[in-house]
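Take a look at the structure set out below.
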There are 2 protein chains.
Amino acid sequence: MNPLEPMGRRAKAAARALLAAGPRKNAALLAAAALLEQETAAVLAANREDVSAARAAGTPPAMLDRLALDESRLRGMAAALRDVAAQEDPTGRVLEGGTRPNGLRIEKISVPLGVVGIIYEARPNVTADAAALCLKAGNAVILRGGREALHSNRALAALFRRALEQSGLPEDCVQFVDNPSRESAAWLMSLDGYLDALIPRGGAGLIRSVAEQAHVPVIVTGTGNCHLYVDHPADLAQAVEIVYNAKTSRPSVCNAAETVLVHRAVAAEFLPRMKSRLDEKHVVLHACPEARAILGAGALPATEDDWGREYLGYELAVRVVPDLDAALEHIAAYSSGHSEAILTKDYAHAERFLREVDSAAVYVNASTRFTDGGEFGLGAEIGISTQKLHARGPMGLRALTTSKYVIRGDGQIR
Amino acid sequence: MNPLEPMGRRAKAAARALLAAGPRKNAALLAAAALLEQETAAVLAANREDVSAARAAGTPPAMLDRLALDESRLRGMAAALRDVAAQEDPTGRVLEGGTRPNGLRIEKISVPLGVVGIIYEARPNVTADAAALCLKAGNAVILRGGREALHSNRALAALFRRALEQSGLPEDCVQFVDNPSRESAAWLMSLDGYLDALIPRGGAGLIRSVAEQAHVPVIVTGTGNCHLYVDHPADLAQAVEIVYNAKTSRPSVCNAAETVLVHRAVAAEFLPRMKSRLDEKHVVLHACPEARAILGAGALPATEDDWGREYLGYELAVRVVPDLDAALEHIAAYSSGHSEAILTKDYAHAERFLREVDSAAVYVNASTRFTDGGEFGLGAEIGISTQKLHARGPMGLRALTTSKYVIRGDGQIR
């Protein structure tokens with residue numbers, strides 16, 4: 001037996017109770033926000049245990065920063081919970097509907113997915129975010145966080161369960177797998193019959209392993225090998241600023257640019273301007289031979305490996321291409337299907353790029369950094385889907401719902 | 001290397017070409033319909049090979065019937081192709097959109113999935129149906145049919161490829177795996193990186209094995225353990241007709257009823273009337289002790305196994321329940337999430353059933369037999385999804401699309 005089956009059963013029962021929860025969902029979110037502010041000291045104490053253990057284990061500073069909470073971060077977390085409470089309920093919307101010739105009234109309505117599993121890594125704020133979004137969409141959630149944040153996650157999940165209980169909802173709407181082992185992840189991935197969807201949140205390694213191993217339906221999020229293509233003709237001054245923004249404004253995130261493709265006709269003018277702007281942030285360039293002939297020894301030679309890499313840092317691959325076709329071929333071969341942009345003045349090139357690039361978000365003359373639930377006006381997001389089934393691109397509350405057909409008759413037979 | 005990789009690569013290239021296909025998609029569908037009528041003799045000759053081999057192998061008559069083609073069935077197939085051509089293009093629809101405060105114009109538009117795989121069994125008409133629906137939605141398709149229909153499928157796929165070529169589209173928009181072995185199914189299920197979705201069409205065994213083994217995203221279709229619940233108070237005469245229709249109008253399909261639950265207060269009156277109507281079709285009843293006390297020896301004792309069974313024939317499980325809660329519990333425990341109906345006069349019971357039953361289609365006072373793309377007004381259907389991600393219930397052309405965000409800017413950075 002899967003050791004998580006009892007949790008799965010409790011989650012299913014909680015999900016059924018949520019179908020009749022009405023305003024208590026929002027009450028629980030507001031109660032959780034209030035508890036977060038009341039219990040700041042306890043949560044921070046739990047977090048300090050995680051941070052000291054991580055520091056003792058030699059965790060790198062960037063990861064320590066993701067792990068650490070402070071009063072301001074907890075206030076931000078509480079504000080985020082109130083924001084989710086204020087959003088429109090994504091369930092119960094009539095998506096399509098009408099009366100058939102035989103008198104049957106058929107409506108397709110949005111309903112909760114049911115039970116959602118989340119596997120995540122070092123950031124404890126995922127516990128609050130994911131619990132809040134799942135609850136708002138009427139789903140029971142099973143959270144399985146990483147070892148590094150165990151004490152923080154445990155404290156936050158307990159606080160959510162108190163908020164549920166205060167609001168008259170089953171505590172088991174939010175369950176926490178208090179066992180951050182490899183085995184517990186595998187159990188969750190094979191909790192067939194209980195999980196309606198499993199969403200991994202974290203690095204590429206985690207996501208790949210979940211996609212490969214899971215038996216339950218998975219929503220794959222996050223890997224972003226994003227491309228910018230500088231066309232001919234383009235506004236080169238604007239293009240320099242978009243490249244600079246897309247690469248350096250926050251290089252560790254999935255919507256940051258990783259490769260710039262440049263049309264041969266503008267390469268000699270564009271590349272040196274781009275390089276001098278990127279030099280401000282000491283961006284390391286990995287360039288094809290043609291680009292290196294222009295950039296000189298300031299650029300490293302690119303290998304085949306560079307075209308497929310998500311650097312997530314101050315590095316950028318650069319390739320000169322003969323035309324738009326070659327740019328489209330390169331993107332089709334190497335893109336992870338997240339976000340790509342063409343920087344151009346040509347109408348037909350822009351439209352062709354929008355049509356033929358097979359990615360979740362395709363841009364003309366803007367930075368790929370906008371691929372984000374908040375920037376798209378979806379509210380808080382549970383992740384950015386790079387798959388095609390169910391949800392694609394930034395996933396807000398609606399991505400945590402499914403639909404059902406509701407049919408009202410008066411004796412129709414077929 | 002996966003032996004189907006070359007097919008996968010060709011399919012991806014064909015899918016890219018389809019993005020600019022415009023009206024040639026419909027031209028190819030009409031050309032295929034015309035060829036089907038011109039080449040009737042050749043297709044029927046191929047089908048005769050399959051049918052004689054199947055007959056020699058002792059195939060049961062019901063399966064022979066599913067396998068056999070004749071002129072009228074081919075005419076029906078051609079008409080279906082023309083119907084698909086006449087349907088609205090499911091791609092290029094603006095699903096959502098607007099202008100953000102920073103001036104970015106963001107649209108979410110429907111686009112093809114890309115490459116779709118279909119694994120199916122003995123019915124050769126799936127070759128034409130699936131190829132037509134995938135093509136209309138702009139997808140390249142890889143078809144892997146069953147051994148029994150090999151010659152028929154090969155002939156139909158070849159005819160489709162001629163139609164594509166005549167219409168100026170890549171033949172590889174429709175590819176046929178000319179190898180109906182267990183291995184070829186496994187290859188298709190693990191064609192990661194090439195298949196955007198895999199749809200199994202056939203019996204429960206096939207669907208279960210695909211869902212369990214596939215590494216690529218799967219849309220699970222078809223299994224229907226459908227329930228009717230006769231409430232108190234209900235229009236019993238109407239309820240008898242709905243049960244009779246849902247069980248006997250076509251018992252071999254997934255939307256046929258398999259279990260009737262009856263409220264204790266109406267059981268003594270309802271069950272004998274139901275039985276005498278079902279006796280016209282010699283329906284075998286598997287009843288709980290309380291129902292047997294009413295029905296007598298005319299009903300067999302139900303075992304635990306009966307509640308979970310999809311009989312797909314003239315058999316029906318019958319259980320008396322004390323109230324609506326018990327009916328909801330039974331359905332939550334045993335339903336396959338396909339279609340369920342409540343037969344009632346009570347408004348609150350009807351609404352509660354619609355809300356709390358977690359199935360793709362939930363009915364009040366109508367037969368579950370209506371769960372069907374045509375009956376729902378969706379046009380031809382590729383299957384009926386019993387999963388919650390991506391598509392749920394009858395899947396028409398729109399279920400063969402995904403979406404992408406198209407963002408038009410004029411230099412926005414973040």
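How things are named: the first chain in the structure tokens is A, the next is B, and so on; residues count from 1 in each chain; ligands count from 1 in the order shown.
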
Select, as a JSON list (two decimals) with N, CA and C atoms, in the first residue's frame, those residues of chain B with any atom no more than 8 Å from chain A (distances computed using only C-alpha atoms).
[["chain", "number", "residue", "atom", "x", "y", "z"],
["B", 16, "ARG", "N", 4.38, 21.89, -38.26],
["B", 16, "ARG", "CA", 4.78, 23.29, -38.52],
["B", 16, "ARG", "C", 4.19, 23.79, -39.83],
["B", 19, "LEU", "N", 0.64, 25.05, -39.69],
["B", 19, "LEU", "CA", 0.36, 26.36, -39.10],
["B", 19, "LEU", "C", 0.06, 27.41, -40.16],
["B", 100, "ARG", "N", -2.81, 45.85, -21.40],
["B", 100, "ARG", "CA", -2.37, 46.07, -20.03],
["B", 100, "ARG", "C", -2.04, 47.55, -19.82],
["B", 106, "ILE", "N", -2.18, 41.85, -24.99],
["B", 106, "ILE", "CA", -2.04, 40.41, -24.73],
["B", 106, "ILE", "C", -3.30, 39.69, -25.19],
["B", 113, "LEU", "N", -2.59, 21.55, -31.07],
["B", 113, "LEU", "CA", -1.74, 20.88, -30.09],
["B", 113, "LEU", "C", -0.36, 20.62, -30.69],
["B", 196, "ASP", "N", 2.53, 15.56, -28.58],
["B", 196, "ASP", "CA", 1.94, 16.51, -27.63],
["B", 196, "ASP", "C", 0.78, 15.90, -26.87],
["B", 197, "ALA", "N", 0.15, 14.89, -27.44],
["B", 197, "ALA", "CA", -0.92, 14.19, -26.72],
["B", 197, "ALA", "C", -1.11, 12.83, -27.35],
["B", 211, "ALA", "N", -2.66, 4.51, -20.04],
["B", 211, "ALA", "CA", -2.56, 5.47, -18.94],
["B", 211, "ALA", "C", -1.39, 5.10, -18.01],
["B", 212, "GLU", "N", -1.19, 3.80, -17.82],
["B", 212, "GLU", "CA", -0.14, 3.38, -16.89],
["B", 212, "GLU", "C", 1.26, 3.46, -17.50],
["B", 215, "HIS", "N", 4.69, 7.70, -21.28],
["B", 215, "HIS", "CA", 5.49, 8.81, -20.76],
["B", 215, "HIS", "C", 4.98, 10.12, -21.34],
["B", 217, "PRO", "N", 2.03, 12.89, -22.64],
["B", 217, "PRO", "CA", 0.74, 13.27, -22.04],
["B", 217, "PRO", "C", -0.41, 12.50, -22.69],
["B", 238, "GLN", "N", -41.78, 7.99, -15.52],
["B", 238, "GLN", "CA", -40.68, 8.57, -16.29],
["B", 238, "GLN", "C", -39.36, 7.88, -15.95],
["B", 239, "ALA", "N", -39.17, 7.60, -14.67],
["B", 239, "ALA", "CA", -37.93, 6.95, -14.23],
["B", 239, "ALA", "C", -37.78, 5.58, -14.88],
["B", 241, "GLU", "N", -38.87, 4.63, -17.78],
["B", 241, "GLU", "CA", -38.48, 4.81, -19.19],
["B", 241, "GLU", "C", -37.02, 5.26, -19.32],
["B", 242, "ILE", "N", -36.59, 6.10, -18.38],
["B", 242, "ILE", "CA", -35.19, 6.56, -18.45],
["B", 242, "ILE", "C", -34.24, 5.40, -18.16],
["B", 245, "ASN", "N", -34.19, 3.15, -21.21],
["B", 245, "ASN", "CA", -33.41, 3.75, -22.29],
["B", 245, "ASN", "C", -31.91, 3.71, -21.99],
["B", 246, "ALA", "N", -31.55, 4.12, -20.77],
["B", 246, "ALA", "CA", -30.13, 4.23, -20.44],
["B", 246, "ALA", "C", -29.46, 2.86, -20.43],
["B", 249, "SER", "N", -30.85, 0.95, -24.78],
["B", 249, "SER", "CA", -30.88, 1.48, -26.14],
["B", 249, "SER", "C", -29.59, 1.17, -26.89],
["B", 354, "LEU", "N", -26.26, 17.68, -8.70],
["B", 354, "LEU", "CA", -25.49, 18.34, -9.76],
["B", 354, "LEU", "C", -24.17, 18.89, -9.21],
["B", 355, "ARG", "N", -24.22, 19.42, -7.99],
["B", 355, "ARG", "CA", -23.02, 20.04, -7.42],
["B", 355, "ARG", "C", -22.04, 19.00, -6.92],
["B", 356, "GLU", "N", -22.54, 17.95, -6.25],
["B", 356, "GLU", "CA", -21.64, 17.07, -5.51],
["B", 356, "GLU", "C", -21.16, 15.85, -6.28],
["B", 359, "SER", "N", -18.50, 14.03, -11.78],
["B", 359, "SER", "CA", -18.40, 13.31, -13.04],
["B", 359, "SER", "C", -18.41, 14.29, -14.20],
["B", 360, "ALA", "N", -17.99, 13.81, -15.36],
["B", 360, "ALA", "CA", -17.91, 14.69, -16.54],
["B", 360, "ALA", "C", -19.28, 15.24, -16.92],
["B", 361, "ALA", "N", -20.33, 14.41, -16.79],
["B", 361, "ALA", "CA", -21.68, 14.86, -17.13],
["B", 361, "ALA", "C", -22.63, 14.42, -16.02],
["B", 362, "VAL", "N", -23.40, 15.35, -15.50],
["B", 362, "VAL", "CA", -24.33, 15.05, -14.41],
["B", 362, "VAL", "C", -25.71, 15.53, -14.83],
["B", 363, "TYR", "N", -26.69, 14.64, -14.74],
["B", 363, "TYR", "CA", -28.02, 14.87, -15.30],
["B", 363, "TYR", "C", -29.09, 14.92, -14.22],
["B", 364, "VAL", "N", -30.14, 15.68, -14.51],
["B", 364, "VAL", "CA", -31.40, 15.57, -13.78],
["B", 364, "VAL", "C", -32.47, 15.14, -14.78],
["B", 365, "ASN", "N", -33.17, 14.06, -14.45],
["B", 365, "ASN", "CA", -34.34, 13.62, -15.22],
["B", 365, "ASN", "C", -34.07, 13.46, -16.72],
["B", 366, "ALA", "N", -32.96, 12.80, -17.03],
["B", 366, "ALA", "CA", -32.70, 12.47, -18.43],
["B", 366, "ALA", "C", -31.77, 11.27, -18.46],
["B", 367, "SER", "N", -31.72, 10.64, -19.61],
["B", 367, "SER", "CA", -30.90, 9.44, -19.79],
["B", 367, "SER", "C", -29.44, 9.80, -19.94],
["B", 369, "ARG", "N", -27.48, 8.41, -21.75],
["B", 369, "ARG", "CA", -27.09, 8.13, -23.13],
["B", 369, "ARG", "C", -26.81, 9.39, -23.95],
["B", 370, "PHE", "N", -27.15, 10.57, -23.42],
["B", 370, "PHE", "CA", -26.90, 11.80, -24.19],
["B", 370, "PHE", "C", -25.45, 12.28, -24.13],
["B", 376, "PHE", "N", -24.43, 16.79, -27.67],
["B", 376, "PHE", "CA", -24.13, 18.03, -26.96],
["B", 376, "PHE", "C", -23.93, 19.20, -27.92],
["B", 377, "GLY", "N", -24.00, 18.94, -29.22],
["B", 377, "GLY", "CA", -23.83, 20.03, -30.18],
["B", 377, "GLY", "C", -22.39, 20.39, -30.47],
["B", 388, "LYS", "N", -9.64, 14.91, -15.69],
["B", 388, "LYS", "CA", -10.02, 16.29, -15.36],
["B", 388, "LYS", "C", -9.11, 17.32, -16.02],
["B", 389, "LEU", "N", -7.88, 16.94, -16.34],
["B", 389, "LEU", "CA", -7.00, 17.92, -16.96],
["B", 389, "LEU", "C", -7.31, 18.02, -18.45],
["B", 390, "HIS", "N", -7.22, 19.23, -18.96],
["B", 390, "HIS", "CA", -7.35, 19.57, -20.38],
["B", 390, "HIS", "C", -8.78, 19.50, -20.90],
["B", 391, "ALA", "N", -9.38, 18.32, -20.90],
["B", 391, "ALA", "CA", -10.71, 18.17, -21.49],
["B", 391, "ALA", "C", -11.48, 17.19, -20.64],
["B", 392, "ARG", "N", -12.77, 17.42, -20.47],
["B", 392, "ARG", "CA", -13.60, 16.54, -19.66],
["B", 392, "ARG", "C", -14.92, 16.37, -20.38],
["B", 393, "GLY", "N", -15.37, 15.13, -20.50],
["B", 393, "GLY", "CA", -16.60, 14.86, -21.23],
["B", 393, "GLY", "C", -16.33, 14.73, -22.71],
["B", 402, "THR", "N", -4.70, 23.72, -28.13],
["B", 402, "THR", "CA", -4.22, 24.31, -26.89],
["B", 402, "THR", "C", -4.29, 25.83, -27.09],
["B", 403, "SER", "N", -3.64, 26.59, -26.24],
["B", 403, "SER", "CA", -3.67, 28.04, -26.44],
["B", 403, "SER", "C", -2.26, 28.57, -26.38],
["B", 404, "LYS", "N", -2.07, 29.76, -26.92],
["B", 404, "LYS", "CA", -0.82, 30.44, -26.61],
["B", 404, "LYS", "C", -1.11, 31.91, -26.41],
["B", 405, "TYR", "N", -0.22, 32.56, -25.64],
["B", 405, "TYR", "CA", -0.33, 33.99, -25.43],
["B", 405, "TYR", "C", 0.49, 34.70, -26.51],
["B", 406, "VAL", "N", -0.15, 35.65, -27.16],
["B", 406, "VAL", "CA", 0.50, 36.45, -28.19],
["B", 406, "VAL", "C", 0.55, 37.87, -27.65],
["B", 407, "ILE", "N", 1.75, 38.45, -27.57],
["B", 407, "ILE", "CA", 1.91, 39.75, -26.92],
["B", 407, "ILE", "C", 2.57, 40.72, -27.89],
["B", 408, "ARG", "N", 1.87, 41.80, -28.15],
["B", 408, "ARG", "CA", 2.41, 42.83, -29.06],
["B", 408, "ARG", "C", 2.80, 44.06, -28.25],
["B", 409, "GLY", "N", 4.06, 44.46, -28.40],
["B", 409, "GLY", "CA", 4.54, 45.60, -27.63],
["B", 409, "GLY", "C", 5.20, 46.63, -28.51],
["B", 410, "ASP", "N", 5.70, 47.68, -27.88],
["B", 410, "ASP", "CA", 6.49, 48.66, -28.63],
["B", 410, "ASP", "C", 7.68, 49.11, -27.78],
["B", 411, "GLY", "N", 8.37, 48.10, -27.26],
["B", 411, "GLY", "CA", 9.59, 48.39, -26.52],
["B", 411, "GLY", "C", 9.48, 48.20, -25.02],
["B", 412, "GLN", "N", 8.37, 47.59, -24.54],
["B", 412, "GLN", "CA", 8.19, 47.43, -23.09],
["B", 412, "GLN", "C", 9.30, 46.58, -22.45],
["B", 413, "ILE", "N", 9.82, 47.09, -21.34],
["B", 413, "ILE", "CA", 10.72, 46.29, -20.50],
["B", 413, "ILE", "C", 10.18, 46.30, -19.09],
["B", 414, "ARG", "N", 10.66, 45.38, -18.28],
["B", 414, "ARG", "CA", 10.12, 45.22, -16.93],
["B", 414, "ARG", "C", 11.19, 45.56, -15.91]]

Determine, counting only C-alpha atoms, which protein, DNA and RNA residues have an atom within 10 Å of an atom of A:Glu269; residues of the same chain fewer than 5 positions away are not included. Present the result as number ranges by chain.
A: 236, 264, 274, 294

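Proximity of B:Ser52, B:Ser385, B:Gln166, B:Thr127 to B:Ser336, computed with only C-alpha atoms, is greatest for B:Ser385.
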
DSSP strand (DSSP E) selection over stretch 288-406 of chain B, as a ChimeraX atom specification:
/B:300-301,315-321,339-343,361-366,383-385,393-395,401-406

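Atom pair atom CA of B:Arg273 / atom CA of B:Trp307 has a distance of 21.9 Å (rounded to one decimal).
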
Would you list, as a PyMOL selection string, the residues of stretch 141-286 of chain A that end up in helix (DSSP H, G or I) under DSSP run on this structure's backbone?
chain A and resi 147-166+171-173+182-189+204-213+236-248+264-279

Save out the residues we just selected, C-alpha atoms, as a PDB file, in the first residue's frame.
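out_25.pdb, freshly written:
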ATOM      1  CA  ARG A 147      14.109  18.998   3.410  1.00  0.00           C
ATOM      2  CA  GLU A 148      15.742  22.440   3.779  1.00  0.00           C
ATOM      3  CA  ALA A 149      12.478  24.168   4.691  1.00  0.00           C
ATOM      4  CA  LEU A 150      10.947  21.388   6.787  1.00  0.00           C
ATOM      5  CA  HIS A 151      10.417  23.346  10.009  1.00  0.00           C
ATOM      6  CA  SER A 152       9.131  26.441   8.231  1.00  0.00           C
ATOM      7  CA  ASN A 153       6.756  24.435   6.052  1.00  0.00           C
ATOM      8  CA  ARG A 154       5.476  22.462   9.015  1.00  0.00           C
ATOM      9  CA  ALA A 155       4.735  25.671  10.932  1.00  0.00           C
ATOM     10  CA  LEU A 156       3.000  27.306   7.986  1.00  0.00           C
ATOM     11  CA  ALA A 157       0.897  24.249   7.168  1.00  0.00           C
ATOM     12  CA  ALA A 158      -0.175  23.911  10.823  1.00  0.00           C
ATOM     13  CA  LEU A 159      -1.219  27.541  10.826  1.00  0.00           C
ATOM     14  CA  PHE A 160      -3.311  27.002   7.709  1.00  0.00           C
ATOM     15  CA  ARG A 161      -5.011  24.019   9.301  1.00  0.00           C
ATOM     16  CA  ARG A 162      -5.906  26.130  12.339  1.00  0.00           C
ATOM     17  CA  ALA A 163      -7.380  28.750  10.023  1.00  0.00           C
ATOM     18  CA  LEU A 164      -9.482  26.093   8.277  1.00  0.00           C
ATOM     19  CA  GLU A 165     -10.743  24.740  11.558  1.00  0.00           C
ATOM     20  CA  GLN A 166     -11.599  28.263  12.776  1.00  0.00           C
ATOM     21  CA  GLU A 171      -8.380  20.764   8.367  1.00  0.00           C
ATOM     22  CA  ASP A 172      -7.560  18.176   5.733  1.00  0.00           C
ATOM     23  CA  CYS A 173      -8.173  20.697   2.980  1.00  0.00           C
ATOM     24  CA  ARG A 182      12.966  10.849  -1.817  1.00  0.00           C
ATOM     25  CA  GLU A 183      10.489   8.098  -0.967  1.00  0.00           C
ATOM     26  CA  SER A 184       7.742  10.490   0.050  1.00  0.00           C
ATOM     27  CA  ALA A 185       8.061  12.266  -3.299  1.00  0.00           C
ATOM     28  CA  ALA A 186       7.747   8.925  -5.088  1.00  0.00           C
ATOM     29  CA  TRP A 187       4.677   8.032  -3.010  1.00  0.00           C
ATOM     30  CA  LEU A 188       2.986  11.253  -3.992  1.00  0.00           C
ATOM     31  CA  MET A 189       3.849  10.720  -7.665  1.00  0.00           C
ATOM     32  CA  ALA A 204      14.682  21.670 -13.823  1.00  0.00           C
ATOM     33  CA  GLY A 205      15.913  18.476 -12.140  1.00  0.00           C
ATOM     34  CA  LEU A 206      12.865  18.218  -9.897  1.00  0.00           C
ATOM     35  CA  ILE A 207      10.471  18.913 -12.732  1.00  0.00           C
ATOM     36  CA  ARG A 208      12.076  16.407 -15.069  1.00  0.00           C
ATOM     37  CA  SER A 209      12.017  13.677 -12.441  1.00  0.00           C
ATOM     38  CA  VAL A 210       8.349  14.279 -11.654  1.00  0.00           C
ATOM     39  CA  ALA A 211       7.383  14.334 -15.338  1.00  0.00           C
ATOM     40  CA  GLU A 212       9.217  11.052 -15.915  1.00  0.00           C
ATOM     41  CA  GLN A 213       8.201   9.150 -12.804  1.00  0.00           C
ATOM     42  CA  LEU A 236      18.419  48.617 -32.542  1.00  0.00           C
ATOM     43  CA  ALA A 237      18.434  51.045 -29.622  1.00  0.00           C
ATOM     44  CA  GLN A 238      15.167  49.547 -28.384  1.00  0.00           C
ATOM     45  CA  ALA A 239      16.480  46.041 -29.034  1.00  0.00           C
ATOM     46  CA  VAL A 240      19.566  46.712 -26.890  1.00  0.00           C
ATOM     47  CA  GLU A 241      17.355  47.774 -23.988  1.00  0.00           C
ATOM     48  CA  ILE A 242      15.043  44.777 -24.369  1.00  0.00           C
ATOM     49  CA  VAL A 243      18.000  42.354 -24.438  1.00  0.00           C
ATOM     50  CA  TYR A 244      19.502  44.079 -21.403  1.00  0.00           C
ATOM     51  CA  ASN A 245      16.207  43.867 -19.536  1.00  0.00           C
ATOM     52  CA  ALA A 246      15.384  40.308 -20.523  1.00  0.00           C
ATOM     53  CA  LYS A 247      18.857  39.072 -19.538  1.00  0.00           C
ATOM     54  CA  THR A 248      19.760  41.106 -16.481  1.00  0.00           C
ATOM     55  CA  ARG A 264      23.287  38.927 -40.231  1.00  0.00           C
ATOM     56  CA  ALA A 265      22.415  42.299 -41.785  1.00  0.00           C
ATOM     57  CA  VAL A 266      22.355  44.070 -38.410  1.00  0.00           C
ATOM     58  CA  ALA A 267      24.916  41.985 -36.504  1.00  0.00           C
ATOM     59  CA  ALA A 268      27.939  44.233 -37.093  1.00  0.00           C
ATOM     60  CA  GLU A 269      26.091  47.254 -35.783  1.00  0.00           C
ATOM     61  CA  PHE A 270      23.992  45.598 -33.090  1.00  0.00           C
ATOM     62  CA  LEU A 271      26.372  43.185 -31.361  1.00  0.00           C
ATOM     63  CA  PRO A 272      28.968  45.713 -30.121  1.00  0.00           C
ATOM     64  CA  ARG A 273      26.200  47.972 -28.784  1.00  0.00           C
ATOM     65  CA  MET A 274      24.556  45.029 -27.049  1.00  0.00           C
ATOM     66  CA  LYS A 275      27.869  43.916 -25.574  1.00  0.00           C
ATOM     67  CA  SER A 276      28.766  47.282 -24.131  1.00  0.00           C
ATOM     68  CA  ARG A 277      25.356  47.508 -22.410  1.00  0.00           C
ATOM     69  CA  LEU A 278      25.610  43.950 -21.046  1.00  0.00           C
ATOM     70  CA  ASP A 279      29.153  44.648 -19.854  1.00  0.00           C
TER      71      ASP A 279
END

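Between atom CA of A:Val177 and atom CA of A:Cys254 there is a distance of 27.0 Å.
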
All residues 10 Å or closer to A:Val318, only C-alpha atoms, same chain fewer than 2 positions away omitted, as a ChimeraX atom specification
/A:227-229,258-262,271,285-292,299-302,306-307,315-316,320-321

What does the distance between atom CA of B:Phe353 and atom CA of A:Leu198 come to in Å, to one decimal place?
27.2 Å

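Near B:Tyr120, within a cut-off of 7 Å and counting only C-alpha atoms, sit the residues B:Arg144, B:Gly145, B:Gly146, B:Pro200, B:Arg201, B:Gly202, with same-chain residues fewer than 4 positions away left out.
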
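Near B:Leu324, within a cut-off of 9 Å and counting only C-alpha atoms, sit the residues Tyr229, Asp231, His232, His263, Glu329, His349 and Phe353 of chain B, with same-chain residues fewer than 5 positions away left out.
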
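Distances from A:Gly308, A:Pro124, A:Gly203, A:Gly313 to A:Ile331 were compared using only C-alpha atoms, and the smallest one belongs to A:Gly308.
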